[in-house]
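Q: As input, take entry02.cif (mmCIF, C-alpha atoms and all ligand atoms):
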data_entry
#
loop_
_atom_site.label_atom_id
_atom_site.label_comp_id
_atom_site.auth_asym_id
_atom_site.auth_seq_id
_atom_site.Cartn_x
_atom_site.Cartn_y
_atom_site.Cartn_z
CA MET A 1 59.47 -8.43 -37.42
CA LYS A 2 61.31 -8.07 -34.18
CA VAL A 3 60.53 -7.69 -30.55
CA THR A 4 61.79 -4.64 -28.79
CA ASP A 5 61.28 -5.03 -25.09
CA ASN A 6 60.55 -1.62 -23.70
CA SER A 7 62.61 0.14 -26.29
CA PHE A 8 60.81 2.15 -28.90
CA LYS A 9 63.84 2.32 -31.12
CA GLY A 10 62.83 3.74 -34.43
CA TRP A 11 59.26 4.29 -33.36
CA ASP A 12 59.31 7.85 -32.17
CA LEU A 13 57.81 6.70 -28.91
CA LYS A 14 59.53 6.96 -25.56
CA SER A 15 59.00 4.62 -22.68
CA ARG A 16 58.89 6.67 -19.51
CA LYS A 17 60.14 3.95 -17.21
CA THR A 18 61.83 0.74 -18.17
CA ILE A 19 61.27 -2.72 -16.78
CA ALA A 20 63.62 -5.27 -18.25
CA LEU A 21 61.80 -8.44 -19.20
CA PRO A 22 63.68 -11.74 -18.94
CA SER A 23 65.19 -12.43 -22.33
CA ASP A 24 63.67 -15.93 -22.63
CA LEU A 25 60.24 -14.37 -22.23
CA VAL A 26 60.93 -11.89 -25.00
CA ASP A 27 62.24 -14.73 -27.17
CA LYS A 28 59.04 -16.67 -26.61
CA LEU A 29 56.95 -13.67 -27.66
CA ARG A 30 59.12 -13.19 -30.74
CA VAL A 31 58.69 -16.82 -31.78
CA ASN A 32 54.94 -16.73 -31.22
CA LEU A 33 54.43 -13.54 -33.15
CA CYS A 34 56.42 -14.90 -36.09
CA GLU A 35 54.36 -18.12 -36.04
CA LEU A 36 51.11 -16.17 -36.08
CA ALA A 37 52.36 -13.96 -38.90
CA ALA A 38 53.38 -17.04 -40.92
CA LYS A 39 49.96 -18.58 -40.37
CA ALA A 40 48.21 -15.41 -41.54
CA SER A 41 50.48 -15.11 -44.60
CA ALA A 42 49.74 -18.72 -45.53
CA ARG A 43 46.05 -17.88 -45.56
CA ASP A 44 46.50 -14.62 -47.45
CA PRO A 45 49.86 -14.35 -49.26
CA ARG A 46 49.26 -10.64 -49.89
CA LEU A 47 49.83 -9.98 -46.20
CA SER A 48 53.32 -9.04 -45.12
CA PHE A 49 54.44 -8.26 -41.63
CA GLU A 50 57.83 -6.61 -42.04
CA ASP A 51 56.30 -3.36 -40.88
CA VAL A 52 55.00 -4.86 -37.65
CA ASP A 53 56.91 -4.50 -34.42
CA ILE A 54 56.03 -5.33 -30.84
CA CYS A 55 57.13 -3.99 -27.51
CA CYS A 56 56.21 -4.72 -23.92
CA ASP A 57 55.84 -1.35 -22.31
CA LEU A 58 52.13 -0.99 -21.68
CA ARG A 59 50.94 -0.37 -18.15
CA GLY A 60 47.62 -0.12 -16.41
CA ARG A 61 44.44 -1.85 -17.46
CA ALA A 62 45.06 -2.37 -21.17
CA ALA A 63 46.47 -5.79 -22.06
CA GLY A 64 47.44 -4.75 -25.54
CA HIS A 65 47.12 -2.03 -28.14
CA ALA A 66 47.61 -2.15 -31.87
CA LEU A 67 48.82 1.21 -33.08
CA VAL A 68 49.13 2.45 -36.63
CA MET A 69 51.98 4.89 -36.67
CA ARG A 70 52.05 8.09 -38.68
CA ASP A 71 54.27 6.39 -41.26
CA HIS A 72 51.75 3.51 -41.48
CA ARG A 73 53.94 1.01 -39.69
CA HIS A 74 52.25 -1.04 -36.97
CA LEU A 75 53.23 -1.38 -33.36
CA ILE A 76 51.70 -3.93 -31.00
CA ARG A 77 52.16 -2.80 -27.44
CA LEU A 78 51.78 -5.46 -24.74
CA ASN A 79 51.18 -5.01 -21.05
CA VAL A 80 54.45 -5.63 -19.24
CA GLN A 81 52.72 -6.94 -16.13
CA ALA A 82 50.55 -9.35 -18.13
CA CYS A 83 53.66 -10.62 -19.93
CA MET A 84 55.37 -11.36 -16.64
CA GLU A 85 52.39 -12.79 -14.79
CA ASN A 86 50.35 -14.52 -17.46
CA LEU A 87 52.47 -15.12 -20.51
CA ASP A 88 50.35 -18.00 -21.86
CA TRP A 89 47.30 -15.76 -21.87
CA VAL A 90 49.24 -13.04 -23.69
CA VAL A 91 50.49 -15.53 -26.27
CA ASN A 92 47.16 -17.31 -26.80
CA GLU A 93 44.75 -14.39 -26.57
CA ILE A 94 46.37 -10.98 -26.69
CA LEU A 95 48.87 -11.49 -29.49
CA PRO A 96 46.27 -12.96 -31.91
CA HIS A 97 43.79 -10.29 -30.81
CA GLU A 98 46.19 -7.46 -31.63
CA LEU A 99 47.57 -9.06 -34.78
CA ALA A 100 43.98 -9.45 -36.03
CA HIS A 101 43.62 -5.66 -35.63
CA VAL A 102 46.80 -5.18 -37.68
CA ILE A 103 45.52 -7.51 -40.41
CA CYS A 104 42.12 -5.77 -40.56
CA HIS A 105 43.85 -2.43 -40.89
CA LYS A 106 45.99 -3.76 -43.74
CA GLU A 107 42.91 -5.15 -45.48
CA ASN A 108 41.17 -1.85 -44.96
CA MET A 109 44.09 0.04 -46.48
CA ARG A 110 44.06 -2.30 -49.46
CA ALA A 111 40.36 -1.57 -49.96
CA ASN A 112 41.08 2.18 -49.74
CA HIS A 113 39.03 2.47 -46.58
CA GLN A 114 35.87 2.08 -48.62
CA LYS A 115 34.06 0.73 -45.64
CA LYS A 116 35.10 1.58 -42.12
CA LEU A 117 35.30 -1.74 -40.30
CA ARG A 118 34.27 -1.99 -36.69
CA ALA A 119 37.28 -2.60 -34.46
CA HIS A 120 35.84 -5.82 -33.04
CA GLY A 121 33.53 -6.65 -35.95
CA PRO A 122 33.03 -9.96 -37.80
CA ARG A 123 36.13 -9.59 -39.96
CA TRP A 124 38.33 -8.99 -36.95
CA ARG A 125 36.71 -11.90 -35.06
CA ALA A 126 37.25 -14.28 -37.99
CA TRP A 127 40.97 -13.46 -38.09
CA CYS A 128 41.22 -13.63 -34.32
CA ARG A 129 39.75 -17.15 -34.29
CA PHE A 130 41.81 -18.22 -37.28
CA LEU A 131 44.89 -17.22 -35.31
CA GLY A 132 43.77 -19.38 -32.41
CA ALA A 133 42.21 -16.91 -29.97
CA SER A 134 38.66 -16.96 -28.69
CA GLY A 135 37.69 -13.68 -30.32
CA ALA A 136 36.25 -12.50 -27.03
CA THR A 137 36.68 -8.85 -26.17
CA THR A 138 35.37 -8.60 -22.64
CA HIS A 139 35.79 -11.35 -20.04
CA ALA A 140 38.72 -12.95 -21.82
CA MET A 141 40.41 -9.56 -21.91
CA PRO A 142 40.01 -8.38 -18.33
CA LEU A 143 42.72 -5.78 -18.75
CA GLU A 144 41.46 -4.23 -21.93
CA SER A 145 39.50 -1.08 -21.49
CA VAL A 146 36.46 -0.98 -23.71
CA ARG A 147 36.76 1.41 -26.58
CA LYS A 148 34.22 1.63 -29.31
CA SER A 149 35.89 3.95 -31.77
CA THR A 150 39.27 4.78 -33.16
CA LYS A 151 41.26 7.13 -31.02
CA TYR A 152 44.36 9.05 -31.93
CA LEU A 153 47.38 9.03 -29.70
CA TYR A 154 49.15 12.32 -29.22
CA ARG A 155 52.20 13.02 -27.12
CA LEU A 156 53.14 16.37 -25.63
CA PRO A 157 56.80 17.41 -25.37
CA SER A 158 56.52 16.65 -21.63
CA GLY A 159 55.91 12.99 -22.50
CA GLU A 160 52.27 13.08 -21.46
CA GLU A 161 50.09 10.96 -23.73
CA VAL A 162 46.65 12.13 -24.75
CA LYS A 163 44.00 10.22 -26.67
CA VAL A 164 41.74 12.34 -28.82
CA SER A 165 38.57 11.57 -30.74
CA SER A 166 38.54 11.39 -34.52
CA ILE A 167 36.63 14.68 -34.63
CA ARG A 168 39.31 16.54 -32.69
CA HIS A 169 42.02 14.72 -34.62
CA ARG A 170 40.56 15.92 -37.93
CA ARG A 171 40.21 19.46 -36.64
CA MET A 172 43.87 19.54 -35.65
CA GLN A 173 45.21 17.79 -38.75
CA HIS A 174 43.08 19.49 -41.38
CA LYS A 175 41.95 22.76 -39.88
CA GLY A 176 44.93 23.66 -37.73
CA TYR A 177 43.04 23.68 -34.44
CA ALA A 178 44.96 23.56 -31.16
CA TYR A 179 43.57 22.41 -27.85
CA LEU A 180 44.53 23.87 -24.52
CA MET A 181 45.29 21.17 -21.97
CA LYS A 182 44.52 21.44 -18.26
CA ASN A 183 48.21 21.94 -17.51
CA GLY A 184 48.36 24.91 -19.87
CA ALA A 185 50.17 23.13 -22.71
CA SER A 186 48.63 23.29 -26.14
CA LEU A 187 48.01 20.20 -28.21
CA THR A 188 48.57 20.59 -31.95
CA ARG A 189 48.81 18.47 -35.08
CA ASP A 190 52.55 18.02 -34.57
CA HIS A 191 51.95 15.96 -31.43
CA TRP A 192 50.20 13.16 -33.28
CA VAL A 193 51.97 9.83 -32.82
CA ALA A 194 49.64 7.03 -33.89
CA GLU A 195 46.18 5.77 -34.59
CA ASP A 196 44.82 3.54 -31.84
CA ASP A 197 42.33 1.08 -33.22
CA SER A 198 42.52 -1.70 -30.70
ZN ZN B 201 40.87 -5.05 -29.54
#
Do you think you could lay out the structure here as structure tokens?

A:
Amino acid sequence: MKVTDNSFKGWDLKSRKTIALPSDLVDKLRVNLCELAAKASARDPRLSFEDVDICCDLRGRAAGHALVMRDHRHLIRLNVQACMENLDWVVNEILPHELAHVICHKENMRANHQKKLRAHGPRWRAWCRFLGASGATTHAMPLESVRKSTKYLYRLPSGEEVKVSSIRHRRMQHKGYAYLMKNGASLTRDHWVAEDDS
């Protein structure tokens, strides 16, 4: 596991604008993420986190996102502003929150998706608390926009990111549908980047 500040190296994602974070801040995040991963692995030795990467490129209202990439690797994206202004909050709440999503997804994969778990359901909350966070999803996460279902992240060649519902995602991936965007571009299955389950 490594921290890539603002660089999506190897992730097929491109940051549109780069803010360099102080290196000691990135180091702190790296250490904390490794500690959380070690804690989780001690509880469940079947869990491994080599396929988990983090980066600090998120902007806007979302404090963090846990993405499942097309190749099943995981990427935790953290809000760059939150990292700079409220690092303790990011470390104590956001990192465990997002890592708990990653763990639930891994558990879900192991169970062959027999039962679709709610993003912020009891299983997620148990992991979140085990990792030291409150497990709150609203007031403790003032930056996180409320999403109730899995969305799929697509990116147009222009760099514009689009989130689509699972219905539209399935239509594009399995039935070859394309969707015409307002700007005239068409969105197709090839533009899929990741699953967004945070
Ligand atoms: Zn969440």

Q: Under the rule of at most 7 Å, produce a per-residue listing of chain A near ligand ZN 201 (chain B): chain, number, name, the closest pair of atoms, and the distance in Å, as JSON lines, using all atoms listed in the file.

A:
{"residue": "A:His97", "atom": "CA", "partner": "B:ZN201", "partner_atom": "ZN", "distance": 6.1}
{"residue": "A:Glu98", "atom": "CA", "partner": "B:ZN201", "partner_atom": "ZN", "distance": 6.2}
{"residue": "A:His101", "atom": "CA", "partner": "B:ZN201", "partner_atom": "ZN", "distance": 6.7}
{"residue": "A:Ala119", "atom": "CA", "partner": "B:ZN201", "partner_atom": "ZN", "distance": 6.6}
{"residue": "A:His120", "atom": "CA", "partner": "B:ZN201", "partner_atom": "ZN", "distance": 6.2}
{"residue": "A:Thr137", "atom": "CA", "partner": "B:ZN201", "partner_atom": "ZN", "distance": 6.6}
{"residue": "A:Ser198", "atom": "CA", "partner": "B:ZN201", "partner_atom": "ZN", "distance": 3.9}

Q: Select all residues near (51.3, -15.9, -38.9) (cut-off 12 Å, inclusive, file coordinates), counting all atoms listed in the file, and output them as a PyMOL selection string.

A: chain A and resi 1+30-45+47-50+52+95-96+99-100+102-103+127-128+130-132

Q: Report as a ChimeraX atom specification all protein, DNA and RNA residues lying within 12 Å of A:Asp88, evaluated on only C-alpha atoms, omitting residues in the same chain fewer than 4 positions from it.

A: /A:25,28-29,32,82-84,92-96,133

Q: Please, what distance in Å, to one decimal, runs between atom CA of A:Leu67 and atom CA of A:Ile167?

A: 18.2 Å

Q: Separation of atom CA of A:Ala178 and atom CA of A:Lys151, in Å?

A: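 If I compute the distance from atom CA of A:Ala178 to atom CA of A:Lys151, I get 16.8 Å.
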
Q: Please identify all polymer residues within 12 Å of A:Ser186, counting all atoms listed in the file, omitting same-chain residues fewer than 4 positions from it, and present them as a VMD selection string.

A: chain A and resid 154 to 158 160 162 172 177 to 182 190 to 191

Q: Box for stretch 182-195 of chain A - axis-aligned, 6 Å on each of the six sides, all listed atoms - centre and size in Å to one decimal, as AutoDock Vina command-line options.

A:
--center_x 48.5 --center_y 15.3 --center_z -26.3 --size_x 20.0 --size_y 31.1 --size_z 29.6

Q: May I ask for the distance between atom CA of A:Val80 and atom CA of A:Arg59, given in Å to one decimal place?

A: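 Distance between the two atoms: 6.4 Å.
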
Q: Return the single residue from A:Glu195, A:Lys106, A:Cys56, A:His169 that is closest to A:Ser23, with distances computed using all atoms listed in the file.

A: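 Ranking A:Glu195, A:Lys106, A:Cys56, A:His169 by distance to A:Ser23, first place goes to A:Cys56.
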